[in-house]
>>> print(open('start.txt').read())   # compact mmCIF, C-alpha atoms and all ligand atoms
# COMPACT_ATOMS: atom_id res chain seq x y z
CA MET A 1 24.86 13.42 -278.51
CA LEU A 2 25.01 10.77 -281.21
CA GLU A 3 21.65 9.09 -281.66
CA LEU A 4 20.91 6.04 -283.68
CA THR A 5 17.37 4.86 -284.35
CA ASN A 6 16.05 1.63 -285.82
CA LEU A 7 19.26 0.55 -287.58
CA SER A 8 19.06 -2.60 -289.70
CA LYS A 9 21.50 -4.31 -292.03
CA THR A 10 21.41 -7.41 -294.19
CA TYR A 11 24.10 -8.82 -296.49
CA ASN A 12 22.67 -10.95 -299.32
CA GLN A 13 19.44 -11.54 -297.39
CA HIS A 14 21.38 -12.54 -294.30
CA GLN A 15 20.24 -10.27 -291.50
CA ILE A 16 23.15 -8.99 -289.42
CA PHE A 17 21.10 -6.79 -287.07
CA LYS A 18 17.71 -5.17 -286.90
CA GLY A 19 16.05 -2.36 -284.96
CA LEU A 20 19.14 -1.09 -283.12
CA ASN A 21 18.71 2.06 -281.03
CA LEU A 22 21.60 3.72 -279.25
CA ALA A 23 22.42 7.10 -277.74
CA VAL A 24 26.05 8.07 -277.11
CA PRO A 25 26.57 11.27 -275.11
CA THR A 26 29.24 13.69 -276.30
CA GLY A 27 32.65 12.76 -274.93
CA GLU A 28 31.71 9.21 -274.04
CA ILE A 29 34.00 6.28 -274.79
CA LEU A 30 31.86 3.36 -275.94
CA THR A 31 33.68 0.04 -276.23
CA ILE A 32 31.92 -2.53 -278.38
CA VAL A 33 32.75 -6.14 -277.57
CA GLY A 34 31.42 -9.51 -278.65
CA PRO A 35 32.15 -12.64 -280.63
CA SER A 36 33.69 -12.65 -284.08
CA GLY A 37 31.34 -12.29 -287.04
CA ILE A 38 28.46 -10.76 -285.12
CA GLY A 39 28.48 -7.44 -286.99
CA LYS A 40 30.62 -5.04 -284.95
CA THR A 41 32.73 -3.84 -287.87
CA THR A 42 29.62 -3.57 -290.03
CA PHE A 43 28.02 -1.41 -287.34
CA LEU A 44 31.09 0.83 -287.12
CA LYS A 45 31.34 1.25 -290.90
CA ILE A 46 27.68 2.25 -291.14
CA ILE A 47 28.09 4.86 -288.40
CA ALA A 48 31.25 6.12 -290.12
CA GLY A 49 29.23 6.59 -293.31
CA LEU A 50 31.25 4.06 -295.31
CA LEU A 51 28.58 1.41 -295.72
CA ALA A 52 24.87 1.71 -296.47
CA ALA A 53 22.31 0.63 -293.88
CA ASP A 54 19.01 -0.92 -294.99
CA GLU A 55 17.06 1.22 -292.56
CA GLY A 56 17.78 3.64 -289.76
CA GLU A 57 18.51 7.21 -288.81
CA LEU A 58 21.58 8.78 -287.29
CA THR A 59 21.79 12.25 -285.80
CA LEU A 60 24.68 14.14 -284.25
CA ASP A 61 23.49 16.93 -281.95
CA GLY A 62 20.18 16.85 -283.79
CA GLN A 63 21.72 17.04 -287.27
CA SER A 64 21.07 14.16 -289.60
CA LEU A 65 24.03 12.10 -290.88
CA ALA A 66 23.49 10.07 -294.05
CA LEU A 67 23.38 6.29 -293.72
CA ASP A 68 23.36 5.54 -297.45
CA GLY A 69 27.11 4.93 -297.60
CA GLN A 70 27.60 8.19 -299.56
CA ARG A 71 28.06 10.62 -296.70
CA LYS A 72 29.78 13.92 -297.34
CA GLY A 73 31.61 15.64 -294.51
CA ALA A 74 33.95 14.41 -291.86
CA ASP A 75 31.99 14.35 -288.63
CA VAL A 76 33.01 10.74 -288.00
CA GLY A 77 36.64 9.72 -288.43
CA VAL A 78 37.57 6.09 -288.65
CA ILE A 79 40.74 4.17 -287.79
CA PHE A 80 40.87 0.74 -289.34
CA GLN A 81 42.44 -2.38 -287.93
CA ASP A 82 45.00 -2.54 -290.74
CA PHE A 83 45.51 1.28 -290.60
CA ASN A 84 44.78 1.76 -294.34
CA LEU A 85 47.64 4.23 -294.72
CA PHE A 86 48.56 5.22 -298.27
CA PRO A 87 51.80 3.30 -298.89
CA GLN A 88 53.07 5.64 -301.59
CA TYR A 89 52.91 8.72 -299.35
CA THR A 90 55.03 9.83 -296.41
CA VAL A 91 53.59 10.15 -292.93
CA LEU A 92 53.18 13.91 -293.40
CA GLU A 93 51.50 13.43 -296.78
CA ASN A 94 49.17 10.78 -295.37
CA ILE A 95 47.97 13.31 -292.84
CA THR A 96 47.71 16.38 -295.08
CA LEU A 97 46.03 14.69 -298.05
CA ALA A 98 42.39 14.77 -296.92
CA PRO A 99 42.54 18.27 -295.38
CA ARG A 100 43.95 19.52 -298.70
CA LEU A 101 41.59 17.64 -301.00
CA VAL A 102 38.41 17.69 -298.97
CA ASN A 103 38.74 20.78 -296.78
CA ARG A 104 40.73 22.73 -299.40
CA LEU A 105 43.41 23.75 -296.92
CA ASN A 106 46.57 25.05 -298.58
CA ALA A 107 49.92 23.29 -298.19
CA ILE A 108 51.21 25.61 -295.46
CA ALA A 109 48.08 25.42 -293.30
CA SER A 110 47.67 21.67 -293.70
CA GLU A 111 51.33 21.01 -292.86
CA ARG A 112 51.24 23.28 -289.85
CA ALA A 113 48.18 21.44 -288.49
CA ALA A 114 49.67 18.03 -289.32
CA LYS A 115 52.97 18.83 -287.57
CA LYS A 116 51.11 19.93 -284.46
CA LEU A 117 49.31 16.57 -284.42
CA LEU A 118 52.53 14.69 -285.12
CA GLY A 119 54.16 16.48 -282.19
CA GLU A 120 51.30 15.58 -279.88
CA LEU A 121 51.49 11.94 -280.95
CA ASP A 122 55.31 11.85 -280.76
CA LEU A 123 55.77 11.22 -284.47
CA LEU A 124 57.68 14.28 -285.65
CA ASP A 125 60.83 12.23 -286.31
CA GLN A 126 58.83 9.94 -288.62
CA GLN A 127 57.18 12.66 -290.71
CA ASN A 128 59.19 11.96 -293.88
CA GLN A 129 59.12 8.18 -293.59
CA TYR A 130 56.85 5.87 -295.55
CA PRO A 131 54.37 3.51 -293.84
CA PHE A 132 56.54 0.44 -294.52
CA GLU A 133 59.32 2.05 -292.46
CA LEU A 134 57.15 2.35 -289.34
CA SER A 135 56.43 0.01 -286.43
CA GLY A 136 52.86 -1.18 -285.80
CA GLY A 137 52.42 1.28 -282.94
CA GLN A 138 53.73 4.16 -285.06
CA LYS A 139 51.37 3.22 -287.90
CA GLN A 140 48.49 3.14 -285.47
CA ARG A 141 49.36 6.64 -284.23
CA VAL A 142 49.70 7.93 -287.82
CA ALA A 143 46.24 6.50 -288.54
CA ILE A 144 44.90 8.34 -285.50
CA ALA A 145 46.67 11.57 -286.56
CA ARG A 146 45.24 11.24 -290.06
CA ALA A 147 41.71 10.87 -288.70
CA LEU A 148 42.20 13.76 -286.26
CA ALA A 149 43.44 16.06 -289.04
CA MET A 150 39.85 16.23 -290.27
CA GLN A 151 38.73 17.39 -286.80
CA PRO A 152 35.99 14.79 -286.41
CA ARG A 153 33.51 15.00 -283.57
CA ILE A 154 33.29 11.22 -283.43
CA LEU A 155 36.20 8.80 -283.75
CA ALA A 156 35.52 5.15 -284.57
CA TYR A 157 38.27 2.56 -284.07
CA ASP A 158 38.28 -1.04 -285.25
CA GLU A 159 40.60 -3.13 -283.05
CA PRO A 160 43.03 -0.30 -282.25
CA THR A 161 45.37 -2.46 -280.17
CA SER A 162 45.60 -5.52 -282.39
CA GLY A 163 49.23 -6.37 -282.99
CA LEU A 164 50.49 -3.70 -280.59
CA ASP A 165 52.87 -4.39 -277.73
CA GLU A 166 52.15 -3.22 -274.19
CA ALA A 167 53.96 0.10 -274.53
CA SER A 168 52.15 0.99 -277.76
CA THR A 169 48.83 -0.04 -276.26
CA GLU A 170 49.61 2.20 -273.29
CA ARG A 171 50.14 5.14 -275.67
CA VAL A 172 46.87 4.45 -277.47
CA ILE A 173 45.10 4.46 -274.08
CA GLN A 174 46.73 7.81 -273.29
CA ILE A 175 45.65 9.26 -276.65
CA ILE A 176 42.07 8.05 -276.17
CA ASN A 177 41.95 9.54 -272.66
CA ASP A 178 43.34 12.88 -273.93
CA LEU A 179 40.74 12.96 -276.70
CA GLN A 180 37.99 12.25 -274.21
CA GLU A 181 39.10 15.30 -272.23
CA GLN A 182 38.84 17.32 -275.43
CA GLY A 183 35.21 16.19 -275.80
CA VAL A 184 35.67 13.80 -278.73
CA THR A 185 33.15 10.95 -278.65
CA GLN A 186 34.88 7.61 -279.29
CA LEU A 187 33.48 4.27 -280.43
CA ILE A 188 35.91 1.38 -280.12
CA VAL A 189 35.41 -2.15 -281.41
CA THR A 190 37.82 -4.46 -279.62
CA HIS A 191 38.49 -7.99 -278.41
CA ASP A 192 41.18 -6.76 -276.04
CA LEU A 193 39.55 -6.98 -272.62
CA PRO A 194 42.53 -5.70 -270.55
CA PHE A 195 42.51 -2.65 -272.87
CA VAL A 196 38.78 -2.18 -272.18
CA GLU A 197 39.45 -2.41 -268.46
CA ALA A 198 42.10 0.30 -268.70
CA LEU A 199 39.62 2.73 -270.27
CA ASP A 200 36.86 4.61 -268.54
CA SER A 201 34.26 3.41 -271.02
CA ARG A 202 30.70 2.19 -271.33
CA ILE A 203 30.86 -1.38 -272.52
CA LEU A 204 28.37 -2.49 -275.16
CA ASP A 205 27.99 -6.26 -275.41
CA PHE A 206 27.11 -6.44 -279.08
CA ALA A 207 25.64 -9.95 -278.92
CA GLN A 208 23.24 -8.96 -276.17
CA PHE A 209 22.52 -5.62 -277.83
CA THR A 210 21.50 -7.17 -281.17
CA ARG A 211 19.59 -10.02 -279.48
CA GLU A 212 17.53 -7.65 -277.37
CA ALA A 213 16.78 -5.42 -280.36
CA ARG A 214 15.60 -8.43 -282.36
CA ASN A 215 13.29 -9.51 -279.55
CA ASP A 216 11.87 -5.99 -279.22
CA VAL A 217 10.70 -5.71 -282.84
N1 LIG B 301 30.76 -7.27 -297.62
C1 LIG B 301 30.14 -8.32 -297.06
N2 LIG B 301 29.30 -9.10 -297.78
C2 LIG B 301 28.67 -10.16 -297.23
N3 LIG B 301 28.79 -10.51 -295.93
C3 LIG B 301 29.59 -9.77 -295.16
C4 LIG B 301 30.31 -8.64 -295.67
N4 LIG B 301 31.03 -8.09 -294.67
C5 LIG B 301 30.78 -8.85 -293.58
N5 LIG B 301 29.91 -9.85 -293.87
C6 LIG B 301 29.39 -10.84 -292.91
O1 LIG B 301 28.66 -10.15 -291.92
C7 LIG B 301 28.89 -10.70 -290.63
C8 LIG B 301 29.39 -9.63 -289.70
O2 LIG B 301 30.74 -9.25 -290.08
P1 LIG B 301 31.57 -8.17 -289.26
O3 LIG B 301 32.90 -8.04 -289.90
O4 LIG B 301 30.77 -6.94 -289.10
O5 LIG B 301 31.69 -8.91 -287.84
P2 LIG B 301 32.60 -8.55 -286.58
O6 LIG B 301 31.72 -8.72 -285.38
O7 LIG B 301 33.23 -7.23 -286.75
O8 LIG B 301 33.69 -9.69 -286.61
P3 LIG B 301 35.24 -9.67 -286.11
O9 LIG B 301 35.17 -9.51 -284.64
O10 LIG B 301 35.73 -11.02 -286.52
O11 LIG B 301 35.93 -8.57 -286.83
C9 LIG B 301 29.84 -11.87 -290.83
O12 LIG B 301 29.08 -13.04 -290.90
C10 LIG B 301 30.50 -11.57 -292.17
O13 LIG B 301 30.85 -12.76 -292.83
>>> encode(input="start.txt", output="structure tokens", more="lines below")
Ligand SMILES: Nc1ncnc2c1ncn2[C@@H]1O[C@H](COP(=O)(O)OP(=O)(O)OP(=O)(O)O)[C@@H](O)[C@H]1O
Amino acid sequence: MLELTNLSKTYNQHQIFKGLNLAVPTGEILTIVGPSGIGKTTFLKIIAGLLAADEGELTLDGQSLALDGQRKGADVGVIFQDFNLFPQYTVLENITLAPRLVNRLNAIASERAAKKLLGELDLLDQQNQYPFELSGGQKQRVAIARALAMQPRILAYDEPTSGLDEASTERVIQIINDLQEQGVTQLIVTHDLPFVEALDSRILDFAQFTREARNDV
């Protein structure tokens, strides 16, 4: 269970949200929808440990996760809208880099694990290509493989289907469903309502969620 208590965030004295409380059971898919500029990406980045909150606590199965933007560890993996792949590295290198640097896996072990992931995501033929040589859907799957290589318990996606065609979106849905079966908790910010409908998710209306929290405090 991922539990968030009393989360607040301001940018330059502009309050984005205040007093948010949320519990996400293990294995749940939570889709986060709502108008542009309301703070969904900010929320995701804070949970992923990439951005500091002003206030709040986050626990994963009772263990505290830092919200100061300096988190160590890889409990929450994140997949950005623009993929954020390293352009100077091949697909295989993109995936093995963090396990080698952060988890201190050796080259053989990290490549073995990466190739298994690439096989599962149908990317083995692309392993020696560079990001600029890939389609949008392939980049998206590489970004997912790179996050999964760190074996996160939570995966956070920001607009995972933006710019993808129907077939690529279908594959992302399949990957998300497979991960749910493996017990990975997934948080997905999206504007793509047909995509939301295709998932077996709990839908969080972020506008309503932040409004209610503001009225409660
Ligand atoms: N680094 C920053 N400094 C100052 N303000 C910011 C910063 N990042 C985001 N904001 C502001 O915070 C608000 C929330 O932005 P955020 O990107 O979280 O919204 P969003 O709901 O994800 O929007 P979208 O759906 O368009 O991606 C916006 O008004 C944005 O301009």
>>> closest_atom_pairs(input="start.txt", of="chain A", to="ligand LIG 301 (chain B)", cutoff="8 Å", atoms="only C-alpha atoms and all ligand atoms", output="tab-separated table")
residue	atom	partner	partner_atom	distance
A:Tyr11	CA	B:LIG301	C2	4.8
A:Asn12	CA	B:LIG301	C2	6.4
A:His14	CA	B:LIG301	N3	7.9
A:Ile16	CA	B:LIG301	C7	6.1
A:Gly34	CA	B:LIG301	O6	6.8
A:Pro35	CA	B:LIG301	O9	5.9
A:Ser36	CA	B:LIG301	O9	3.5
A:Gly37	CA	B:LIG301	O5	3.5
A:Ile38	CA	B:LIG301	O6	3.9
A:Gly39	CA	B:LIG301	O4	3.2
A:Lys40	CA	B:LIG301	O7	3.9
A:Thr41	CA	B:LIG301	O7	3.6
A:Thr42	CA	B:LIG301	O4	3.7
A:Phe43	CA	B:LIG301	O4	6.4
A:Val189	CA	B:LIG301	O7	7.7
A:Thr190	CA	B:LIG301	O9	7.6
A:His191	CA	B:LIG301	O9	7.2
>>> residues_around(input="start.txt", residues="region 194-204 of chain A", least_positions_apart="2", cutoff="12 Å", atoms="all atoms listed in the file", output="VMD selection string")
chain A and resid 22 to 25 27 to 34 40 159 to 162 164 to 178 180 to 181 185 to 192 206 to 210
>>> residues_around(input="start.txt", residues="region 140-155 of chain A", least_positions_apart="2", cutoff="9 Å", atoms="all atoms listed in the file", output="PyMOL selection string")
chain A and resi 2+26-27+48+60+74-85+91-92+94-99+102-103+110+113-114+117-118+121-123+131+135-138+157+160-161+164+168+171-172+175+183-188
>>> residues_around(input="start.txt", residues="Leu67 (chain A)", least_positions_apart="3", cutoff="7 Å", atoms="all atoms listed in the file", output="ChimeraX atom specification")
/A:46,49,52-53,57
>>> atom_distance(input="start.txt", atom1="CA of Pro87 (chain A)", atom2="CA of Gln127 (chain A)")
13.5 Å
>>> atom_distance(input="start.txt", atom1="CA of Lys115 (chain A)", atom2="CA of Glu93 (chain A)")
10.8 Å
>>> closest_residue(input="start.txt", among="A:Asn215, A:Gln182, A:Asn106, A:Thr5", to="Ser64 (chain A)", atoms="all atoms listed in the file")
A:Thr5
>>> atom_distance(input="start.txt", atom1="CA of Asp205 (chain A)", atom2="CA of Leu51 (chain A)")
21.7 Å
>>> residues_around(input="start.txt", residues="Asn6 (chain A)", least_positions_apart="4", cutoff="10 Å", atoms="only C-alpha atoms", output="list in words")
Phe17, Lys18, Gly19, Leu20, Asn21, Leu22, Asp54, Glu55, Gly56, Glu57, Leu58, Ala213 and Val217 of chain A
>>> write_last_selection(input="start.txt", atoms="C-alpha atoms", output="CSV table (one decimal), in the coordinates of the input")
chain,number,residue,atom,x,y,z
A,17,PHE,CA,21.1,-6.8,-287.1
A,18,LYS,CA,17.7,-5.2,-286.9
A,19,GLY,CA,16.0,-2.4,-285.0
A,20,LEU,CA,19.1,-1.1,-283.1
A,21,ASN,CA,18.7,2.1,-281.0
A,22,LEU,CA,21.6,3.7,-279.2
A,54,ASP,CA,19.0,-0.9,-295.0
A,55,GLU,CA,17.1,1.2,-292.6
A,56,GLY,CA,17.8,3.6,-289.8
A,57,GLU,CA,18.5,7.2,-288.8
A,58,LEU,CA,21.6,8.8,-287.3
A,213,ALA,CA,16.8,-5.4,-280.4
A,217,VAL,CA,10.7,-5.7,-282.8
